[in-house]
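**Q** What follows is data.txt; its format and atoms are compact mmCIF, C-alpha atoms and all ligand atoms.
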# COMPACT_ATOMS: atom_id res chain seq x y z
CA ALA A 1 -53.61 -112.65 252.18
CA ALA A 2 -51.25 -114.75 250.16
CA LYS A 3 -51.38 -112.14 247.43
CA ALA A 4 -50.57 -109.38 249.89
CA SER A 5 -47.39 -111.19 250.85
CA GLY A 6 -46.27 -110.60 247.26
CA LYS A 7 -44.48 -113.92 247.09
CA ARG A 8 -45.30 -116.96 245.04
CA THR A 9 -45.79 -119.20 248.01
CA TRP A 10 -47.68 -122.48 248.20
CA ARG A 11 -50.53 -120.55 249.77
CA ARG A 12 -51.18 -118.88 246.46
CA PHE A 13 -51.23 -122.12 244.55
CA ARG A 14 -53.46 -124.33 246.61
CA PRO A 15 -56.76 -122.53 246.04
CA GLN A 16 -56.05 -122.34 242.32
CA GLN A 17 -55.32 -126.02 242.17
CA ARG A 18 -58.60 -126.70 243.90
CA VAL A 19 -60.42 -124.56 241.37
CA ARG A 20 -58.78 -126.54 238.60
CA VAL A 21 -59.88 -129.85 240.07
CA VAL A 22 -63.43 -128.59 240.52
CA GLU A 23 -63.49 -127.16 237.00
CA ARG A 24 -62.24 -130.41 235.61
CA HIS A 25 -64.87 -132.37 237.46
CA ASP A 26 -67.56 -129.96 236.31
CA LEU A 27 -66.32 -130.28 232.72
CA GLN A 28 -66.40 -134.05 233.00
CA VAL A 29 -70.00 -134.01 234.21
CA ARG A 30 -71.01 -131.76 231.31
CA LEU A 31 -69.09 -133.99 228.90
CA ASP A 32 -70.90 -137.11 230.20
CA LYS A 33 -74.21 -135.47 229.40
CA ALA A 34 -73.07 -134.06 226.06
CA VAL A 35 -71.85 -137.48 224.91
CA SER A 36 -75.02 -139.30 225.90
CA GLN A 37 -77.18 -136.63 224.25
CA GLU A 38 -74.97 -136.23 221.17
CA GLU A 39 -74.59 -132.50 221.70
CA PHE A 40 -71.70 -132.24 219.25
CA ASN A 41 -71.38 -131.17 215.72
CA LEU A 42 -68.78 -131.41 213.02
CA ARG A 43 -66.79 -128.96 210.96
CA TYR A 44 -64.95 -129.92 207.81
CA GLN A 45 -61.63 -128.40 206.90
CA PRO A 46 -60.78 -128.61 203.20
CA VAL A 47 -57.56 -130.35 202.17
CA VAL A 48 -56.29 -128.68 199.01
CA ASP A 49 -53.90 -129.35 196.18
CA ILE A 50 -51.42 -126.58 197.01
CA ALA A 51 -50.38 -125.75 193.44
CA GLU A 52 -53.80 -126.16 191.81
CA GLY A 53 -55.91 -124.79 194.62
CA ASP A 54 -58.69 -127.35 194.29
CA VAL A 55 -60.23 -129.24 197.19
CA VAL A 56 -59.33 -132.93 197.36
CA GLY A 57 -60.83 -133.83 200.71
CA PHE A 58 -62.28 -132.75 204.04
CA GLU A 59 -61.06 -133.46 207.57
CA ALA A 60 -63.89 -133.86 210.08
CA LEU A 61 -63.27 -131.93 213.30
CA ALA A 62 -65.51 -132.28 216.33
CA ARG A 63 -67.08 -129.24 217.96
CA TRP A 64 -68.88 -128.95 221.28
CA PRO A 65 -71.19 -125.99 220.83
CA GLU A 66 -71.92 -125.18 224.44
CA PRO A 67 -73.89 -122.03 225.06
CA GLY A 68 -71.69 -119.15 226.15
CA PRO A 69 -68.78 -117.20 224.73
CA ASP A 70 -66.01 -119.80 225.09
CA PRO A 71 -66.88 -123.21 223.74
CA VAL A 72 -64.53 -125.91 225.03
CA PRO A 73 -62.02 -126.67 222.24
CA PRO A 74 -61.35 -130.23 221.02
CA GLY A 75 -57.80 -129.94 222.31
CA ARG A 76 -59.42 -130.00 225.74
CA PHE A 77 -62.47 -132.25 225.47
CA ILE A 78 -60.93 -134.96 223.25
CA PRO A 79 -58.17 -135.82 225.76
CA LEU A 80 -60.74 -135.81 228.56
CA ALA A 81 -63.02 -138.08 226.53
CA GLU A 82 -60.05 -140.37 225.97
CA GLU A 83 -59.34 -140.59 229.70
CA THR A 84 -62.94 -141.31 230.64
CA GLY A 85 -63.53 -143.76 227.81
CA HIS A 86 -66.24 -141.56 226.27
CA ILE A 87 -64.18 -141.31 223.13
CA ALA A 88 -65.63 -144.68 222.06
CA THR A 89 -69.16 -143.25 221.93
CA LEU A 90 -68.09 -139.85 220.63
CA GLY A 91 -65.78 -141.39 218.01
CA ALA A 92 -68.52 -143.71 216.77
CA TRP A 93 -70.86 -140.73 216.43
CA VAL A 94 -68.20 -138.77 214.50
CA LEU A 95 -67.68 -141.70 212.13
CA ARG A 96 -71.41 -142.21 211.44
CA THR A 97 -72.15 -138.53 211.05
CA ALA A 98 -69.15 -137.62 208.92
CA THR A 99 -69.54 -140.56 206.53
CA ALA A 100 -73.23 -139.68 206.09
CA ASP A 101 -72.45 -135.97 205.52
CA ILE A 102 -69.72 -136.57 202.96
CA ALA A 103 -71.61 -139.36 201.16
CA ARG A 104 -74.50 -136.89 200.68
CA LEU A 105 -72.13 -134.14 199.61
CA GLN A 106 -70.60 -136.45 197.00
CA HIS A 107 -74.10 -137.29 195.72
CA ARG A 108 -74.99 -133.62 195.36
CA THR A 109 -71.85 -132.94 193.31
CA PRO A 110 -71.77 -135.86 190.86
CA ARG A 111 -69.83 -133.97 188.18
CA LEU A 112 -66.91 -133.28 190.50
CA ALA A 113 -64.21 -135.71 191.55
CA PRO A 114 -65.52 -137.02 194.90
CA PRO A 115 -63.66 -135.39 197.77
CA TYR A 116 -62.43 -137.81 200.42
CA LEU A 117 -63.26 -137.74 204.10
CA SER A 118 -60.53 -137.86 206.74
CA VAL A 119 -61.47 -138.84 210.29
CA ASN A 120 -59.32 -138.56 213.43
CA VAL A 121 -59.23 -141.83 215.35
CA SER A 122 -57.76 -141.87 218.82
CA ALA A 123 -55.50 -144.55 220.26
CA ARG A 124 -58.28 -145.90 222.40
CA GLN A 125 -60.56 -146.40 219.40
CA TRP A 126 -57.85 -148.29 217.52
CA ARG A 127 -57.51 -150.63 220.51
CA ASP A 128 -61.25 -151.30 220.54
CA THR A 129 -61.95 -154.69 218.95
CA GLY A 130 -65.26 -153.40 217.58
CA PHE A 131 -63.68 -150.56 215.63
CA LEU A 132 -63.32 -152.39 212.31
CA ASP A 133 -67.02 -153.31 212.37
CA GLU A 134 -67.92 -149.74 213.18
CA VAL A 135 -66.10 -148.47 210.12
CA CYS A 136 -67.56 -151.15 207.86
CA THR A 137 -71.07 -150.42 209.12
CA ALA A 138 -70.62 -146.70 208.52
CA LEU A 139 -69.46 -147.38 204.95
CA ASP A 140 -72.27 -149.85 204.25
CA THR A 141 -74.96 -147.66 205.76
CA THR A 142 -73.98 -144.44 204.04
CA GLY A 143 -72.70 -145.89 200.76
CA LEU A 144 -69.47 -143.90 201.07
CA ALA A 145 -66.85 -145.60 198.89
CA ALA A 146 -64.09 -147.04 201.07
CA GLY A 147 -61.57 -145.49 198.69
CA THR A 148 -62.79 -142.05 199.76
CA LEU A 149 -62.27 -142.67 203.47
CA GLN A 150 -59.02 -141.83 205.21
CA LEU A 151 -58.40 -142.59 208.88
CA GLU A 152 -55.84 -140.61 210.88
CA LEU A 153 -53.75 -142.03 213.66
CA THR A 154 -50.93 -140.57 215.70
CA GLU A 155 -47.46 -141.92 216.24
CA SER A 156 -48.50 -142.95 219.74
CA VAL A 157 -50.68 -145.67 218.16
CA LEU A 158 -47.75 -146.86 216.07
CA MET A 159 -45.57 -147.03 219.17
CA ARG A 160 -47.95 -149.42 220.85
CA ARG A 161 -49.07 -151.59 218.01
CA THR A 162 -50.61 -154.93 218.80
CA GLU A 163 -51.49 -157.90 216.60
CA GLN A 164 -55.11 -156.84 216.91
CA ILE A 165 -54.50 -153.25 215.79
CA ASP A 166 -52.39 -154.42 212.87
CA ALA A 167 -55.06 -156.90 211.83
CA GLN A 168 -57.75 -154.21 211.89
CA ILE A 169 -55.61 -151.89 209.83
CA ARG A 170 -54.80 -154.59 207.29
CA ALA A 171 -58.50 -155.36 206.94
CA LEU A 172 -59.32 -151.68 206.45
CA LYS A 173 -56.57 -151.33 203.88
CA ASP A 174 -57.89 -154.40 202.05
CA ARG A 175 -61.23 -152.63 201.76
CA GLY A 176 -59.48 -149.60 200.26
CA VAL A 177 -59.46 -147.27 203.29
CA ARG A 178 -56.32 -145.12 203.51
CA ILE A 179 -54.29 -144.49 206.64
CA ALA A 180 -52.67 -141.16 207.52
CA VAL A 181 -50.15 -140.39 210.26
CA ASP A 182 -51.38 -137.18 211.91
CA ASP A 183 -49.04 -134.63 213.51
CA PHE A 184 -46.13 -136.43 211.87
CA GLY A 185 -42.81 -135.62 213.51
CA THR A 186 -44.14 -134.67 216.94
CA GLY A 187 -44.31 -138.13 218.49
CA PHE A 188 -41.47 -140.02 220.07
CA SER A 189 -41.76 -142.97 217.79
CA SER A 190 -38.96 -144.40 215.72
CA LEU A 191 -39.33 -144.19 211.97
CA ARG A 192 -39.06 -147.92 211.68
CA TYR A 193 -42.78 -148.35 211.33
CA LEU A 194 -42.49 -146.76 207.88
CA GLN A 195 -40.68 -149.93 206.84
CA ASP A 196 -43.31 -152.44 207.79
CA PHE A 197 -46.50 -150.55 208.45
CA PRO A 198 -48.84 -149.79 205.58
CA VAL A 199 -49.42 -146.04 205.96
CA ASP A 200 -50.40 -144.00 202.93
CA ILE A 201 -50.10 -140.41 204.04
CA LEU A 202 -47.92 -138.29 206.34
CA LYS A 203 -49.48 -135.11 207.73
CA ILE A 204 -46.64 -132.74 208.59
CA ASP A 205 -47.45 -131.08 211.89
CA LYS A 206 -48.15 -127.35 211.99
CA SER A 207 -45.18 -126.78 214.31
CA PHE A 208 -42.84 -127.55 211.36
CA ILE A 209 -44.80 -125.32 209.00
CA ASP A 210 -44.85 -122.35 211.41
CA GLY A 211 -41.11 -121.68 210.94
CA ILE A 212 -41.02 -121.68 207.15
CA PRO A 213 -39.82 -119.98 205.05
CA GLU A 214 -37.81 -117.89 207.54
CA ASP A 215 -36.09 -120.60 209.54
CA PRO A 216 -33.64 -122.52 207.34
CA ARG A 217 -33.54 -125.49 209.70
CA GLN A 218 -37.31 -125.85 209.54
CA VAL A 219 -37.17 -125.58 205.77
CA THR A 220 -34.58 -128.35 205.67
CA LEU A 221 -36.69 -130.52 207.95
CA VAL A 222 -39.84 -130.08 205.87
CA GLU A 223 -37.89 -130.74 202.67
CA GLY A 224 -36.51 -133.86 204.27
CA ILE A 225 -39.95 -135.13 205.21
CA VAL A 226 -41.32 -134.45 201.73
CA HIS A 227 -38.36 -136.25 200.19
CA LEU A 228 -38.72 -139.19 202.57
CA ALA A 229 -42.41 -139.48 201.70
CA ASP A 230 -41.66 -139.34 197.96
CA THR A 231 -39.05 -142.04 198.26
CA LEU A 232 -41.43 -144.29 200.16
CA GLY A 233 -44.32 -143.57 197.79
CA LEU A 234 -46.40 -141.79 200.43
CA GLN A 235 -48.49 -138.66 200.07
CA VAL A 236 -47.79 -135.63 202.25
CA ILE A 237 -50.16 -133.03 203.64
CA ALA A 238 -48.77 -129.89 205.30
CA GLU A 239 -50.93 -128.78 208.24
CA GLY A 240 -51.58 -125.28 209.47
CA ILE A 241 -50.64 -123.18 206.42
CA GLU A 242 -51.50 -119.58 207.27
CA LYS A 243 -49.36 -117.40 205.00
CA PRO A 244 -48.75 -117.20 201.23
CA PRO A 245 -44.94 -117.52 201.60
CA GLN A 246 -45.45 -120.86 203.37
CA ARG A 247 -47.68 -122.04 200.54
CA ASP A 248 -45.20 -120.90 197.91
CA LEU A 249 -42.26 -122.62 199.54
CA LEU A 250 -44.25 -125.84 199.97
CA ALA A 251 -45.22 -125.73 196.30
CA ASP A 252 -41.56 -125.18 195.38
CA ILE A 253 -40.32 -128.18 197.33
CA GLY A 254 -43.02 -130.40 195.88
CA CYS A 255 -45.34 -130.79 198.85
CA ARG A 256 -48.54 -131.49 197.00
CA TYR A 257 -51.30 -131.14 199.61
CA GLY A 258 -52.07 -128.78 202.45
CA GLN A 259 -54.57 -127.57 204.98
CA GLY A 260 -54.73 -124.27 206.78
CA PHE A 261 -56.55 -121.05 207.47
CA LEU A 262 -54.93 -119.57 204.34
CA PHE A 263 -57.14 -121.87 202.25
CA ALA A 264 -60.09 -122.44 204.54
CA ARG A 265 -61.07 -122.77 208.18
CA PRO A 266 -63.07 -125.75 209.36
CA LEU A 267 -66.50 -125.21 207.71
CA THR A 268 -70.05 -126.48 207.98
CA VAL A 269 -70.83 -129.14 205.40
CA GLU A 270 -72.85 -126.58 203.39
CA GLU A 271 -69.98 -124.10 203.38
CA GLY A 272 -67.61 -126.91 202.44
CA GLU A 273 -69.81 -127.81 199.48
CA ALA A 274 -69.85 -124.19 198.33
CA VAL A 275 -66.05 -124.00 198.47
CA LEU A 276 -65.77 -127.31 196.62
CA ARG A 277 -68.05 -126.09 193.80
CA GLN A 278 -66.24 -122.79 193.56
CA ARG A 279 -62.73 -124.24 193.52
CA ASN A 280 -63.26 -127.43 191.53
CA ASP A 281 -65.91 -126.51 188.95
CA GLY A 282 -64.80 -125.61 185.49
P1 LIG B 301 -55.61 -132.27 214.22
O1 LIG B 301 -56.28 -133.52 213.79
O2 LIG B 301 -54.15 -132.17 214.01
O3 LIG B 301 -56.38 -131.11 213.48
C1 LIG B 301 -55.80 -129.90 213.07
C2 LIG B 301 -56.14 -128.78 214.01
O4 LIG B 301 -55.50 -127.58 213.56
C3 LIG B 301 -57.62 -128.42 214.07
O5 LIG B 301 -57.86 -127.94 215.39
C4 LIG B 301 -57.74 -127.28 213.07
O6 LIG B 301 -58.85 -126.44 213.29
C5 LIG B 301 -56.45 -126.56 213.33
N1 LIG B 301 -56.00 -125.80 212.18
C6 LIG B 301 -56.13 -126.08 210.87
N2 LIG B 301 -55.53 -125.16 210.10
C7 LIG B 301 -54.99 -124.26 210.94
C8 LIG B 301 -54.23 -123.04 210.76
O7 LIG B 301 -53.93 -122.61 209.65
N3 LIG B 301 -53.83 -122.38 211.89
C9 LIG B 301 -54.15 -122.82 213.14
N4 LIG B 301 -53.75 -122.12 214.18
N5 LIG B 301 -54.86 -123.96 213.36
C10 LIG B 301 -55.27 -124.67 212.26
P2 LIG B 301 -59.12 -128.38 216.25
O8 LIG B 301 -60.33 -128.53 215.37
O9 LIG B 301 -59.18 -127.48 217.41
O10 LIG B 301 -58.73 -129.86 216.71
C11 LIG B 301 -57.65 -130.08 217.56
C12 LIG B 301 -57.33 -131.55 217.66
O11 LIG B 301 -58.40 -132.24 218.32
C13 LIG B 301 -57.17 -132.23 216.32
O12 LIG B 301 -55.88 -131.99 215.79
C14 LIG B 301 -57.40 -133.68 216.71
O13 LIG B 301 -56.23 -134.22 217.27
C15 LIG B 301 -58.44 -133.54 217.81
N6 LIG B 301 -59.77 -133.82 217.24
C16 LIG B 301 -60.67 -132.98 216.67
N7 LIG B 301 -61.78 -133.65 216.30
C17 LIG B 301 -61.59 -134.95 216.63
C18 LIG B 301 -62.38 -136.15 216.51
O14 LIG B 301 -63.50 -136.18 215.96
N8 LIG B 301 -61.83 -137.30 217.02
C19 LIG B 301 -60.59 -137.32 217.59
N9 LIG B 301 -60.12 -138.50 218.05
N10 LIG B 301 -59.83 -136.22 217.70
C20 LIG B 301 -60.32 -135.05 217.23
MG MG B 302 -56.14 -134.67 212.21
MG MG B 303 -52.77 -132.82 212.83
MG MG B 304 -52.55 -131.43 215.52
The structure given in the file should be rewritten as structure tokens.

**A**
Amino acid sequence: AAKASGKRTWRRFRPQQRVRVVERHDLQVRLDKAVSQEEFNLRYQPVVDIAEGDVVGFEALARWPEPGPDPVPPGRFIPLAEETGHIATLGAWVLRTATADIARLQHRTPRLAPPYLSVNVSARQWRDTGFLDEVCTALDTTGLAAGTLQLELTESVLMRRTEQIDAQIRALKDRGVRIAVDDFGTGFSSLRYLQDFPVDILKIDKSFIDGIPEDPRQVTLVEGIVHLADTLGLQVIAEGIEKPPQRDLLADIGCRYGQGFLFARPLTVEEGEAVLRQRNDG
């Protein structure tokens, strides 16, 4: 009836809103079960040296392989898991599984420079006092060298630093773990943390990469970030590289590392190993 009226009245919206609430609740129930039964798996997206083409690392990305045509993407279930607190359990599983996978991969490819593992860590995990222990246990159990582990955080974590978070990060850095700022440039944080916070890597968000090389302002911004990183002695990784002209421009301006569908999609660990052998051997 609301549709027949042809107007966007509140009558049209209410039932849809209800559907959304029900869907959300249903999703949450399924997520509860999936977390307790560890129904997730991981994909690994290669990080490459843009000019050389070889693989230097892998970023672990969580997947929820529900039956059916449209699996729920991480952009949807990760925020929900953060709200419900399930991210603690899910994040711990990701850390254990990914460190084990990449430690084994490194063992199977002893002649190649060991690729590093990068793991996304949400704000809630960083606030968890047990997080440092979790990381140390994963390293000790799997034998993964701390120097080949990178942990990603977002600017939102840097905006709400506490003594406890800083202490955990210092302890991780002392062990040799590297810290990357994910989605760099999209947060609302001030750049002051770059002065006094020991980050190693800036990951330039895909939204900056999308506009290059066509949009001169975007080019200037990306150049500026690369220059800033160089000056501060940080590494940079460009995210979401899809087209050769983007790669070429990034190589020209001295952005050393990148990730994106142009190089490789997120892969199973076996596929990742095959790509590593192919790109890095010889
Ligand atoms: P992110 O950490 O910034 O990861 C990059 C995302 O961009 C991934 O999406 C990846 O598949 C996608 N991507 C990479 N290259 C390209 C490209 O060339 N084009 C396009 N269109 N996309 C590209 P994904 O896997 O859907 O993950 C989305 C976000 O979910 C991640 O963004 C991260 O914030 C979060 N996430 C995923 N796995 C985990 C996890 O285990 N723990 C936590 N805390 N967050 C996770
Ligand atoms: Mg990431
Ligand atoms: Mg990112
Ligand atoms: Mg992102």

**Q** Which chain A residues have any atom within 6 Å of an atom of ligand LIG 301 (chain B), and for each, what is the nearest pair of atoms with distance in Å to one decimal, counting all atoms listed in the file, rows sorted by chain and number, as JSON lines?

**A**
{"residue": "A:Leu61", "atom": "CA", "partner": "B:LIG301", "partner_atom": "N7", "distance": 3.8}
{"residue": "A:Ala62", "atom": "CA", "partner": "B:LIG301", "partner_atom": "N7", "distance": 4.0}
{"residue": "A:Pro73", "atom": "CA", "partner": "B:LIG301", "partner_atom": "O9", "distance": 5.7}
{"residue": "A:Pro74", "atom": "CA", "partner": "B:LIG301", "partner_atom": "O11", "distance": 4.5}
{"residue": "A:Gly75", "atom": "CA", "partner": "B:LIG301", "partner_atom": "O11", "distance": 4.6}
{"residue": "A:Ile78", "atom": "CA", "partner": "B:LIG301", "partner_atom": "N10", "distance": 5.8}
{"residue": "A:Gly91", "atom": "CA", "partner": "B:LIG301", "partner_atom": "N8", "distance": 5.8}
{"residue": "A:Val94", "atom": "CA", "partner": "B:LIG301", "partner_atom": "O14", "distance": 5.6}
{"residue": "A:Asn120", "atom": "CA", "partner": "B:LIG301", "partner_atom": "C19", "distance": 4.5}
{"residue": "A:Val121", "atom": "CA", "partner": "B:LIG301", "partner_atom": "N9", "distance": 4.4}
{"residue": "A:Ser122", "atom": "CA", "partner": "B:LIG301", "partner_atom": "N9", "distance": 4.2}
{"residue": "A:Asp183", "atom": "CA", "partner": "B:LIG301", "partner_atom": "O2", "distance": 5.7}
{"residue": "A:Gly240", "atom": "CA", "partner": "B:LIG301", "partner_atom": "O7", "distance": 3.6}
{"residue": "A:Ile241", "atom": "CA", "partner": "B:LIG301", "partner_atom": "O7", "distance": 4.6}
{"residue": "A:Glu242", "atom": "CA", "partner": "B:LIG301", "partner_atom": "O7", "distance": 4.6}
{"residue": "A:Gln259", "atom": "CA", "partner": "B:LIG301", "partner_atom": "N2", "distance": 5.7}
{"residue": "A:Gly260", "atom": "CA", "partner": "B:LIG301", "partner_atom": "O7", "distance": 3.4}
{"residue": "A:Phe261", "atom": "CA", "partner": "B:LIG301", "partner_atom": "O7", "distance": 3.7}
{"residue": "A:Pro266", "atom": "CA", "partner": "B:LIG301", "partner_atom": "O6", "distance": 5.8}

**Q** Taking all atoms listed in the file and a cut-off of 10 Å, can you tell me which residues surround ligand MG 302 (chain B), written as JSON, numbers by chain?

**A** {"A": [45, 59, 60, 61, 118, 119, 120, 121, 122, 151, 152, 153, 154, 180, 181, 182, 183, 203, 205, 239]}

**Q** Excluding Val135 in chain A and residues on its chain fewer than 4 positions from it, collect all residues at most 10 Å away from it, counting all atoms listed in the file, and give them as JSON, numbers by chain.

**A** {"A": [92, 95, 96, 99, 130, 131, 139, 140, 141, 146, 149, 151, 172, 177]}

**Q** With distances taken over all atoms listed in the file, which residue among A:Arg108, A:Pro79, A:Val35, A:Gly85 lies nearest Arg277 in chain A?

**A** A:Arg108

**Q** Considering only C-alpha atoms and all ligand atoms, can you say which of A:Val269, A:Val29, A:Ile204, A:Leu194 comes closest to ligand MG 303 (chain B)?

**A**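 Under the stated criterion, the closest residue is A:Ile204.
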
**Q** For a quick check of understanding, using only C-alpha atoms and all ligand atoms, which of A:Ala123, A:Ala238, A:Ala145, A:Leu27 has the smallest distance to ligand MG 304 (chain B)?

**A**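 Ranking A:Ala123, A:Ala238, A:Ala145, A:Leu27 by distance to ligand MG 304 (chain B), first place goes to A:Ala238.
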
**Q** For ligand MG 304 (chain B), which residue among A:Glu163, A:Glu155, A:Asp252, A:Glu270 is the nearest when counting all atoms listed in the file?

**A** A:Glu155

**Q** Please, what distance in Å, to one decimal, runs between CA of Leu202 in chain A and CA of Arg111 in chain A?

**A** 28.8 Å

**Q** Which one is closest to ligand MG 303 (chain B): A:Thr220, A:Lys206, A:Val21, A:Ser189? Count only C-alpha atoms and all ligand atoms.

**A**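 Looking only at the distances to ligand MG 303 (chain B), the closest residue turns out to be A:Lys206.
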
**Q** List as a list in words the protein and nucleic acid residues near Ile169 in chain A, meaning an atom at most 9 Å away when only C-alpha atoms are counted, but skip any in the same chain fewer than 4 places from it.

**A**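 Contacts, in chain order: Trp126, Leu132, Gln164, Ile165, Lys173, Asp174, Val177, Ile179 and Pro198 of chain A.
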
**Q** Can you tell me how far CA of Gln246 in chain A sits from CA of Pro213 in chain A, in Å to one decimal?

**A**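 Computing it gives 5.9 Å between the two atoms.
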
**Q** Figure out the distance between CA of Pro71 in chain A and CA of Val275 in chain A, please, to one decimal in Å.

**A**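 So the answer is 25.3 Å.
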
**Q** With all atoms listed in the file as the atoms that count, which of A:Thr231, A:Thr109, A:Thr186, A:Gln150 lies nearest to Asn280 in chain A?

**A**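 For Asn280 in chain A, the nearest of the candidates is A:Thr109.
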
**Q** Show which residues sit within 12 Å of Tyr193 in chain A, as a PyMOL selection string. Count only C-alpha atoms, and ignore same-chain residues fewer than 4 positions away.

**A** chain A and resi 155-161+166+181+189+197-199+232

**Q** Identify the residues within 12 Å of coordinate (-68.4, -136.5, 193.6) (same frame as the file), considering all atoms listed in the file, and give the answer as an MDAnalysis selection string.

**A** chainID A and resid 55:57 102:117 144:145 148 273 276:277 280:281
